[in-house]
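Heads up: the structure comes next, in structure tokens.
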Amino acid sequence: DVEKEMYYPRWNPLCENNMPQNRKDRDAYIKRIAGYLADVNDAEKNDYWNVLANSIIVAFLAYWDAKVFQAKVNDFFLNKLVEERHLTSDEKKILMSYYDLMQKSYIKDVVSAIKNNTINQDNYVPIGSWAGIPEQWIGKEVCFASITDWIIYNYVSSRDENNKDWISWFESLLRESIFFGYGDLAINGFREVLALSKQQRQLAFTLVMKPFKIFTDKALRERTNGNDLNIDDIRGIYDETQKKWRPVTIYSLANDYNSKILNQMFLDEILYRNIYQQSGGGQGALPLMLVLDDVGHNLRLRNLQALMERGKNKKISALLLTNSLNLVENTYSKEELESIVVNTSYKIVKAPDNQKLSRQLDKLATFATKSVQIPKAKKRKRK
């Protein structure tokens with residue numbers, strides 16, 4: 001509804017606008033995103049196979065991030081050379097930065113051509129390629145739907161029928177990652193997969209398939225295959241015409257398990273960037289307010305405790321709603337629950353029938369928090 005300035009934005013956590021620009025931060029971001037699909041921070045899930053699945057997902061995400069980005073950059077340089085346009089000094093520096101990632105034996109001649117200002121389409125060495133990308137995703141930004149389609153296609157078509165394995169496919173991914181210099185996350189991840197036995201690789205790949213299947217859901221694909229919302233705008237968007245910051249209000253609803261995963265990813269990344277990062281989050285001038293309903297029913301937010309402990313200093317406030325602290329404790333832990341309650345400035349409790357809960361809140365109220373208990377309304381006797 002444009003007249004009311006209400007929109008239904010898509011959010012793609014893997015698009016370029018939501019990816020940190022610094023290499024170190026970018027790798028850390030990829031690891032965090034992979035952690036929502038295969039959580040290794042949960043003690044119950046921190047077993048060998050889950051850790052292995054997580055490392056493969058990290059490798060897939062890093063591979064796609066580097067592959068698509070470098071394929072687009074390659075298109076830019078190749079088009080300029082085909083049109084016989086001159087590369088500027090800045091463009092040469094950028095091109096050289098990609099050649100620095102590649103093995104010297106492959107780029108010796110083209111590096112000399114750049115230095116001698118004789119580079120053309122004939123002696124140009126590609127720095128990326130769209131080969132292997134599903135046709136419908138060529139030229140588009142990375143998203144979960146594109147990676148899911150790619151994984152499912154290769155799960156079926158790249159499997160060697162003789163030994164029931166995908167070793168040849170993983171070997172090709174490793175060779176490409178090394179050739180184009182896709183980074184340590186992709187290279188080390190594929191090496192780890194290739195070091196497994198055939199049986200281990202079969203089981204690990206099957207575990208990787210499970211979290212990506214949520215992105216076969218049509219509604220979820222539509223909400224994540226494009227991007228209209230950048231997390232860095234969460235503290236407001238500057239209105240150039242009115243010369244002031246305008247607040248942003250977002251309603252994030254999760255009605256099933258699939259959408260809860262995306263909701264967890266979205267909220268946790270907002271908290272991470274605004275609590276821990278000095279830049280890349282909270283770029284606006286406005287404070288941040290979160291209203292989190294059904295805290296015990298939704299998936300665990302890794303940064304909820306940090307929000308309650310450090311949010312005030314970061315100009316972040318929150319209203320947490322729950323109908324059961326037992327559910328919150330089961331979702332988080334006893335220690336995290338106590339930290340959350342202790343760091344709550346005001347608690348409003350409506351008719352707790354559980355006496356143990358009442359005593360617990362009374363005890364926690366001594367730690368500089370203020371508690372208001374609303375008793376259950378008594379039934380009026382009929383006259």
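Residues in the structure tokens are named by chain (A, B, ... in the order shown) and by number from 1 within that chain; ligands are numbered from 1 in the order shown.
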
Taking 5 positions as the minimum chain separation for residues in the same chain, which residues sit within 10 Å of range 122-127 of chain A when counting only C-alpha atoms? Answer as a ChimeraX atom specification.
/A:67,70-75,77-78,81-82,95-96,98-99,101-102,106-111,113-114,179-181

Give me the residues near range 154-161 of chain A as a list of chain:residue names, where near means some atom within 9 Å (using only C-alpha atoms) and where sequence neighbours in that chain fewer than 5 positions away do not count.
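Contacts, in chain order: A:Asp149, A:Trp166, A:Ile167, A:Ser168, A:Trp169, A:Phe205, A:Thr206, A:Met209.
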
So that I can see what lies close to Pro20 in chain A, please list as a list in words the residues with an atom at most 9 Å from it, counting only C-alpha atoms and leaving out residues fewer than 5 positions away in the same chain.
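Returned residues: Asp25, Arg26, Asp27, Tyr29 and Gly280 of chain A.
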
Selected residues, C-alpha atoms, written as a tab-separated table (two decimals), in the first residue's frame, please.
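As a result, selection-v2.tsv now contains:
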```tsv
chain	number	residue	atom	x	y	z
A	25	ASP	CA	33.81	-9.92	8.17
A	26	ARG	CA	32.39	-11.53	5.03
A	27	ASP	CA	33.78	-14.96	5.96
A	29	TYR	CA	29.02	-13.63	8.10
A	280	GLY	CA	28.11	-2.22	9.10
```

Write down as a VMD selection string the residues of range 165-288 of chain A whose backbone DSSP state falls under helix (DSSP H, G or I).
chain A and resid 167 to 180 184 to 194 198 to 216 218 to 224 231 to 233 257 to 275

Considering only C-alpha atoms, return as a list of chain:residue names whatever protein or nucleic-acid residues lie within 9 Å of Tyr272 in chain A, sequence-local ones (same chain, fewer than 4 positions apart) excluded.
A:Leu267, A:Asp268, A:Tyr276, A:Gln277, A:Gly281, A:Arg302, A:Asn303, A:Ala306, A:Leu307

File of the preceding selection, all heavy atoms, as a PDB file, in the first residue's frame:
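Resulting contents of part_13.pdb:
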```pdb
ATOM      1  N   LEU A 267      16.438 -11.647  12.623  1.00  0.00           N
ATOM      2  CA  LEU A 267      16.520 -10.955  13.907  1.00  0.00           C
ATOM      3  C   LEU A 267      17.915 -11.065  14.521  1.00  0.00           C
ATOM      4  O   LEU A 267      18.449 -10.089  15.061  1.00  0.00           O
ATOM      5  CB  LEU A 267      15.479 -11.509  14.869  1.00  0.00           C
ATOM      6  CG  LEU A 267      14.014 -11.234  14.515  1.00  0.00           C
ATOM      7  CD1 LEU A 267      13.092 -11.955  15.486  1.00  0.00           C
ATOM      8  CD2 LEU A 267      13.718  -9.745  14.520  1.00  0.00           C
ATOM      9  N   ASP A 268      18.507 -12.234  14.426  1.00  0.00           N
ATOM     10  CA  ASP A 268      19.831 -12.424  15.023  1.00  0.00           C
ATOM     11  C   ASP A 268      20.887 -11.586  14.321  1.00  0.00           C
ATOM     12  O   ASP A 268      21.804 -11.062  14.956  1.00  0.00           O
ATOM     13  CB  ASP A 268      20.228 -13.905  14.975  1.00  0.00           C
ATOM     14  CG  ASP A 268      20.397 -14.488  16.369  1.00  0.00           C
ATOM     15  OD1 ASP A 268      20.617 -13.709  17.312  1.00  0.00           O
ATOM     16  OD2 ASP A 268      20.290 -15.705  16.534  1.00  0.00           O
ATOM     17  N   TYR A 276      27.574  -5.887  18.233  1.00  0.00           N
ATOM     18  CA  TYR A 276      28.999  -6.214  18.200  1.00  0.00           C
ATOM     19  C   TYR A 276      29.817  -5.394  17.215  1.00  0.00           C
ATOM     20  O   TYR A 276      30.970  -5.081  17.472  1.00  0.00           O
ATOM     21  CB  TYR A 276      29.187  -7.696  17.885  1.00  0.00           C
ATOM     22  CG  TYR A 276      28.641  -8.606  18.952  1.00  0.00           C
ATOM     23  CD1 TYR A 276      27.487  -9.359  18.725  1.00  0.00           C
ATOM     24  CD2 TYR A 276      29.260  -8.718  20.185  1.00  0.00           C
ATOM     25  CE1 TYR A 276      26.973 -10.198  19.704  1.00  0.00           C
ATOM     26  CE2 TYR A 276      28.756  -9.552  21.172  1.00  0.00           C
ATOM     27  CZ  TYR A 276      27.613 -10.293  20.919  1.00  0.00           C
ATOM     28  OH  TYR A 276      27.109 -11.111  21.886  1.00  0.00           O
ATOM     29  N   GLN A 277      29.236  -5.099  16.051  1.00  0.00           N
ATOM     30  CA  GLN A 277      30.026  -4.438  15.021  1.00  0.00           C
ATOM     31  C   GLN A 277      30.091  -2.935  15.238  1.00  0.00           C
ATOM     32  O   GLN A 277      29.094  -2.275  15.539  1.00  0.00           O
ATOM     33  CB  GLN A 277      29.460  -4.741  13.624  1.00  0.00           C
ATOM     34  CG  GLN A 277      29.645  -6.197  13.218  1.00  0.00           C
ATOM     35  CD  GLN A 277      29.267  -6.450  11.776  1.00  0.00           C
ATOM     36  OE1 GLN A 277      29.177  -7.585  11.361  1.00  0.00           O
ATOM     37  NE2 GLN A 277      29.045  -5.412  11.007  1.00  0.00           N
ATOM     38  N   GLY A 281      26.387  -1.766  10.751  1.00  0.00           N
ATOM     39  CA  GLY A 281      25.112  -1.970  11.409  1.00  0.00           C
ATOM     40  C   GLY A 281      24.767  -0.722  12.177  1.00  0.00           C
ATOM     41  O   GLY A 281      25.628  -0.036  12.702  1.00  0.00           O
ATOM     42  N   ARG A 302      20.544 -16.274  19.253  1.00  0.00           N
ATOM     43  CA  ARG A 302      21.857 -16.380  19.884  1.00  0.00           C
ATOM     44  C   ARG A 302      22.262 -15.108  20.612  1.00  0.00           C
ATOM     45  O   ARG A 302      23.041 -15.137  21.563  1.00  0.00           O
ATOM     46  CB  ARG A 302      22.905 -16.700  18.822  1.00  0.00           C
ATOM     47  CG  ARG A 302      22.641 -17.977  18.054  1.00  0.00           C
ATOM     48  CD  ARG A 302      23.594 -18.100  16.899  1.00  0.00           C
ATOM     49  NE  ARG A 302      23.231 -19.228  16.038  1.00  0.00           N
ATOM     50  CZ  ARG A 302      23.817 -19.466  14.876  1.00  0.00           C
ATOM     51  NH1 ARG A 302      24.778 -18.679  14.445  1.00  0.00           N
ATOM     52  NH2 ARG A 302      23.445 -20.502  14.155  1.00  0.00           N
ATOM     53  N   ASN A 303      21.741 -13.980  20.148  1.00  0.00           N
ATOM     54  CA  ASN A 303      22.182 -12.695  20.690  1.00  0.00           C
ATOM     55  C   ASN A 303      21.157 -12.044  21.619  1.00  0.00           C
ATOM     56  O   ASN A 303      21.280 -10.865  21.945  1.00  0.00           O
ATOM     57  CB  ASN A 303      22.504 -11.731  19.531  1.00  0.00           C
ATOM     58  CG  ASN A 303      23.606 -12.260  18.646  1.00  0.00           C
ATOM     59  OD1 ASN A 303      24.720 -12.510  19.104  1.00  0.00           O
ATOM     60  ND2 ASN A 303      23.308 -12.453  17.369  1.00  0.00           N
ATOM     61  N   ALA A 306      22.832 -11.074  24.946  1.00  0.00           N
ATOM     62  CA  ALA A 306      23.676  -9.889  24.723  1.00  0.00           C
ATOM     63  C   ALA A 306      22.827  -8.638  24.557  1.00  0.00           C
ATOM     64  O   ALA A 306      23.213  -7.550  24.999  1.00  0.00           O
ATOM     65  CB  ALA A 306      24.550 -10.099  23.492  1.00  0.00           C
ATOM     66  N   LEU A 307      21.656  -8.779  23.930  1.00  0.00           N
ATOM     67  CA  LEU A 307      20.739  -7.646  23.795  1.00  0.00           C
ATOM     68  C   LEU A 307      20.333  -7.112  25.160  1.00  0.00           C
ATOM     69  O   LEU A 307      20.347  -5.897  25.395  1.00  0.00           O
ATOM     70  CB  LEU A 307      19.495  -8.082  23.010  1.00  0.00           C
ATOM     71  CG  LEU A 307      18.266  -7.171  23.092  1.00  0.00           C
ATOM     72  CD1 LEU A 307      18.563  -5.822  22.437  1.00  0.00           C
ATOM     73  CD2 LEU A 307      17.064  -7.838  22.432  1.00  0.00           C
TER      74      LEU A 307
END
```

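In this comparison, which uses only C-alpha atoms, the residue of A:Phe266, A:Phe190, A:Phe215, A:Phe69 approaching Gly139 in chain A most closely is A:Phe69.
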